[in-house]
Amino acid sequence: MEQQLTYPNENVISIRGLKKYFGENKVLDDFDLDLAKKENLVVLGRSGSGKSVLIKCIIGLLAPDSGRIEVLGKDVLSLDHQALDEIRIRIGFLFQSNALYDSMTVRENLEFPMRRHSIDLSEEDARQRIEEVLGNVGLSHTIDMMPSELSGGMMKRIALARTMILKPDIILYDEPTAGLDPVTGKEIIALIMDIRKKYNTAAIIISHDMKCVKATADKIILLQNGKNYKEGNYAFFKGSDDPYVQQFFE
Amino acid sequence: MMQLPKSSKQFFSEAGAISRFTAWFFHEAFRPRYEWKEFARQCYEIGYKSLPLIALTGFIMGLVLTMQLRPSMLEYGVEAKLPDIVSLSVVREIGPVITALIFAGKVGSGIGAELGSMKVTEQIDAMEVSGTNPYKYLVVTRVAATTLMLPVLVVLSDAISLYGGYLGVNIKAVTSWNLYITQVYNTLQFSDVLPAIIKTFLFGFAVGMVGCYKGYNSKKGTEGVGRSANSAVVFSSVIIFIIDLVVVQVTDIFGFN
């Protein structure tokens with residue numbers, strides 16, 4: 001029988017020795033990570049350092065070359081398709097490009113994960129759930145609009161609402177403030193914090209935006225050459241005299 | 001040991017990838033869960049929305065073909081055989097091939113661009129994390145719709161084309177509709193219609209599969225989307241001619257010609 005890994009603090013995600021190569025390019029090389037309940041963990045690193053690859057491995061969109069990924073006590077690499085889908089219900093994923101379906105209205109975009117995961121909700125409950133998440137992001141009036149009619153900031157909020165529709169335990173944010181103006185970026189950061197407060201979610205946040213890092217991070221992991229370079233809280237990194245760290249925090 | 005040129009390697013690599021992509025279609029198409037609603041939507045988008053373009057080109061095709069044939073047939077004194085020649089040309093060859101090429105231009109490029117755009121904006125990944133098999137939802141439904149809709153469009157195009165032919169005959173002569181259509185029916189045999197219809201299923205399958213393959217494997221951002229749409233049209237047009245050539249040979253072997 002396969003043994004489950006155990007970690008302190010009731011970790012919701014535990015990663016050990018993760019390796020992912022694209023040809024000769026070592027993107028992740030013996031990477032480790034622990035995410036505790038209700039914790040916001042920021043993964044920082046240069047472009048192409050494997051941050052997005054990491055969260056895509058966690059949710060099963062990419063298969064790592066070796067290592068172990070345990071999410072909510074289950075080894076995701078050994079799950080069959082159905083079991084993986086069950087885990088995915090409990091993980092929200094905010095894509096960098098929002099990934100709203102162009103051919104669907106906002107309502108249909110929000111309904112899609114519920115319908116596809118066969119969530120057992122009555123029509124009325126589903127409608128209420130949609131209104132609730134749209135209300136949370138302050139965009140109730142957009143329910144019948146198409147994504148092409150929304151601004152960049154609105155699309156990001158709708159994508160966030162879709163991420164929340166299944167009330168996940170964990171959210172993976174891929175560059176949540178990338179490409180947004182500072183004001184909208186601030187609003188998205190506030191929403192991320194509101195979501196944690198309201199739904200007690202744990203999150204992995206991939207970001208280059210230091211305002212976002214400062215506001216959201218309980219813990220930060222800095223990646224270099226696919227390995228854990230440094231780990232600590234914001235104050236630790238801010239006070240570091242390591243030249244590589246300073247490039248991000250100066 | 002002899003080394004294959006880089007372009008040959010690329011060709012065989014691409015051919016292998018398309019073969020795997022096509023094999024995956026048969027693996028996924030006959031296993032639940034069936035995406036009936038999306039399939040119906042695609043039939044509407046691909047079939048119904050292509051109808052005006054196909055009808056217009058079909059009509060012009062019949063009219064122009066008749067007008068072009070008339071002087072030569074007049075010269076040989078066989079003008080009365082104009083409906084026979086037009087119906088055979090349209091039903092056996094020109095109708096299916098021209099309609100399939102227009103279909104490839106409209107639908108194949110559309111599928112390539114749509115899936116390419118979905119790929120680069122991570123919508124396909126979003127589908128997967130939402131508990132959906134994107135291949136089944138996006139590819140199987142579209143390929144099934146193109147395979148089913150193109151034959152329907154070709155039949156309609158042929159009919160409209162024959163009507164265009166009737167008008168073409170009547171530009172410089174007088175022929176009743178009854179006489180024209182009787183002559184068409186007397187000319188066309190089962191062996192003319194069946195192979196023509198069968199090959200349209202293959203054309204439809206090829207257009208859908210190539211469009212989906214190019215879109216699904218789109219790379220390099222928005223530039224890649226444009227390239228996917230373009231190469232979907234070029235590649236499926238070439239495949240249409242290759243299928244046509246093979247089907248003509250096969251029907252010849254079986255004595256349908």
# chains A, B, ... in the order shown; residues from 1 in each chain; ligands from 1

$ residues_around --residues "Ile171 of chain B" --least-positions-apart "4" --cutoff "12 Å" --atoms "only C-alpha atoms" --output "ChimeraX atom specification"
/B:63-64,66-67,70,164-167,175

$ write_last_selection --atoms "C-alpha atoms" --output "CSV table (one decimal), in the first residue's frame"
chain,number,residue,atom,x,y,z
B,63,LEU,CA,-24.1,29.2,-64.0
B,64,VAL,CA,-20.5,29.9,-65.1
B,66,THR,CA,-22.8,26.2,-68.3
B,67,MET,CA,-21.9,29.5,-69.9
B,70,ARG,CA,-21.9,26.2,-74.2
B,164,GLY,CA,-27.6,27.8,-61.8
B,165,GLY,CA,-26.9,25.5,-64.7
B,166,TYR,CA,-30.6,25.7,-65.7
B,167,LEU,CA,-30.4,29.5,-65.8
B,175,THR,CA,-35.4,25.0,-72.1

$ residues_around --residues "segment 159-162 of chain A" --least-positions-apart "5" --cutoff "7 Å" --atoms "only C-alpha atoms" --output "number ranges by chain"
A: 94, 98, 100, 110, 133-134, 137

$ residues_around --residues "Leu115 of chain B" --least-positions-apart "6" --cutoff "7 Å" --atoms "only C-alpha atoms" --output "PyMOL selection string"
chain B and resi 212+215-216

$ write_last_selection --atoms "N, CA and C atoms" --output "short mmCIF file (atom, residue, chain, number, x, y, z; two decimals), in the first residue's frame"
data_model
loop_
_atom_site.label_atom_id
_atom_site.label_comp_id
_atom_site.auth_asym_id
_atom_site.auth_seq_id
_atom_site.Cartn_x
_atom_site.Cartn_y
_atom_site.Cartn_z
N CYS B 212 -8.19 21.44 -36.37
CA CYS B 212 -8.03 21.20 -34.93
C CYS B 212 -6.57 20.95 -34.58
N GLY B 215 -4.64 24.26 -34.74
CA GLY B 215 -5.02 25.14 -33.63
C GLY B 215 -4.56 24.61 -32.29
N TYR B 216 -4.75 23.34 -32.08
CA TYR B 216 -4.43 22.70 -30.78
C TYR B 216 -2.93 22.75 -30.50
#

$ atom_distance --atom1 "atom CA of Gly110 of chain B" --atom2 "atom CA of Glu128 of chain B"
22.0 Å

$ interface_residues --of "chain B" --to "chain A" --cutoff "8 Å" --atoms "only C-alpha atoms" --output "ChimeraX atom specification"
/B:118,121-123,125-126,128-132

$ residues_around --residues "Lys219 of chain B" --least-positions-apart "2" --cutoff "10 Å" --atoms "only C-alpha atoms" --output "PyMOL selection string"
chain B and resi 116-117+119-120+214-217+221-225+227-228

$ atom_distance --atom1 "atom CA of Glu38 of chain B" --atom2 "atom CA of Ile240 of chain B"
25.9 Å

$ atom_distance --atom1 "atom CA of Asp65 of chain A" --atom2 "atom CA of Lys20 of chain A"
5.0 Å

$ residues_around --residues "Gly45 of chain A" --least-positions-apart "3" --cutoff "12 Å" --atoms "only C-alpha atoms" --output "PyMOL selection string"
chain A and resi 27-28+42+48-52+54+175+205-210+213+220-231+244-245+247-249

$ select_by_dssp --residues "segment 43-191 of chain B" --states "alpha helix (DSSP H)" --output "PyMOL selection string"
chain B and resi 43-46+51-75+82-89+95-103+109-120+123-129+134+141-172+177-187+190-191

$ closest_residue --among "B:Asn186, B:Ser218, B:Ser161, B:Ser50" --to "Glu114 of chain B" --atoms "only C-alpha atoms"
B:Ser218

$ select_by_dssp --residues "segment 56-146 of chain A" --states "strand (DSSP E)" --output "PyMOL selection string"
chain A and resi 66-71+74-75+91-94

$ write_last_selection --atoms "C-alpha atoms" --output "JSON list (two decimals), in the first residue's frame"
[["chain", "number", "residue", "atom", "x", "y", "z"],
["A", 66, "SER", "CA", 10.38, 13.02, -10.96],
["A", 67, "GLY", "CA", 9.52, 13.98, -7.41],
["A", 68, "ARG", "CA", 6.42, 13.86, -5.29],
["A", 69, "ILE", "CA", 3.48, 16.26, -5.08],
["A", 70, "GLU", "CA", 0.97, 15.71, -2.31],
["A", 71, "VAL", "CA", -2.18, 17.82, -2.32],
["A", 74, "LYS", "CA", -3.12, 12.69, -1.96],
["A", 75, "ASP", "CA", -0.20, 12.00, -4.24],
["A", 91, "ILE", "CA", -8.11, 23.79, -6.09],
["A", 92, "GLY", "CA", -8.83, 27.10, -7.77],
["A", 93, "PHE", "CA", -6.50, 28.29, -10.52],
["A", 94, "LEU", "CA", -6.27, 31.91, -11.61]]

$ closest_residue --among "B:Ser7, B:Gly204, B:Glu79, B:Phe254" --to "Ala144 of chain B" --atoms "only C-alpha atoms"
B:Gly204

$ residues_around --residues "Leu150 of chain B" --least-positions-apart "5" --cutoff "9 Å" --atoms "only C-alpha atoms" --output "MDAnalysis selection string"
chainID B and resid 46:47 96 99:100 103 145 155 200:201 203:205

$ residues_around --residues "Lys37 of chain B" --least-positions-apart "3" --cutoff "12 Å" --atoms "only C-alpha atoms" --output "VMD selection string"
chain B and resid 33 to 34 40 to 44 137 to 138 141 to 142 145

$ write_last_selection --atoms "C-alpha atoms" --output "PDB file, in the first residue's frame"
ATOM      1  CA  ARG B  33     -18.860  11.205 -21.888  1.00  0.00           C
ATOM      2  CA  TYR B  34     -20.482  12.348 -25.156  1.00  0.00           C
ATOM      3  CA  ALA B  40     -25.094  20.331 -31.882  1.00  0.00           C
ATOM      4  CA  ARG B  41     -23.714  23.841 -31.393  1.00  0.00           C
ATOM      5  CA  GLN B  42     -20.806  23.082 -33.711  1.00  0.00           C
ATOM      6  CA  CYS B  43     -23.161  21.639 -36.371  1.00  0.00           C
ATOM      7  CA  TYR B  44     -25.070  24.920 -36.259  1.00  0.00           C
ATOM      8  CA  TYR B 137     -14.995  18.821 -25.971  1.00  0.00           C
ATOM      9  CA  LEU B 138     -13.149  20.829 -28.615  1.00  0.00           C
ATOM     10  CA  THR B 141     -17.162  17.718 -31.538  1.00  0.00           C
ATOM     11  CA  ARG B 142     -15.667  19.899 -34.270  1.00  0.00           C
ATOM     12  CA  ALA B 145     -19.496  18.292 -37.078  1.00  0.00           C
TER      13      ALA B 145
END

$ decode --residues "segment 133-166 of chain A" --atoms "C-alpha atoms" --output "compact mmCIF listing (two decimals), in the first residue's frame"
# COMPACT_ATOMS: atom_id res chain seq x y z
CA VAL A 133 -19.06 35.23 -6.30
CA LEU A 134 -19.91 38.04 -8.71
CA GLY A 135 -20.96 40.15 -5.74
CA ASN A 136 -17.64 39.37 -4.04
CA VAL A 137 -15.74 40.87 -6.96
CA GLY A 138 -18.21 43.75 -7.36
CA LEU A 139 -19.31 42.90 -10.88
CA SER A 140 -22.87 41.64 -10.53
CA HIS A 141 -23.99 43.81 -13.46
CA THR A 142 -21.72 42.00 -15.94
CA ILE A 143 -23.50 38.65 -15.64
CA ASP A 144 -24.84 38.62 -19.21
CA MET A 145 -21.86 40.32 -20.83
CA MET A 146 -19.29 38.65 -23.07
CA PRO A 147 -15.60 38.68 -22.06
CA SER A 148 -14.82 40.90 -25.07
CA GLU A 149 -17.00 43.62 -23.50
CA LEU A 150 -14.96 43.70 -20.28
CA SER A 151 -11.83 45.68 -19.42
CA GLY A 152 -8.61 43.92 -18.37
CA GLY A 153 -9.29 44.54 -14.68
CA MET A 154 -12.88 43.31 -14.99
CA MET A 155 -11.72 40.17 -16.76
CA LYS A 156 -9.25 39.49 -13.96
CA ARG A 157 -12.04 39.87 -11.39
CA ILE A 158 -14.39 37.58 -13.31
CA ALA A 159 -11.57 35.04 -13.58
CA LEU A 160 -11.14 35.35 -9.82
CA ALA A 161 -14.88 34.84 -9.35
CA ARG A 162 -14.69 31.70 -11.50
CA THR A 163 -11.77 30.49 -9.41
CA MET A 164 -13.97 30.88 -6.31
CA ILE A 165 -17.12 29.30 -7.73
CA LEU A 166 -16.35 25.82 -6.37
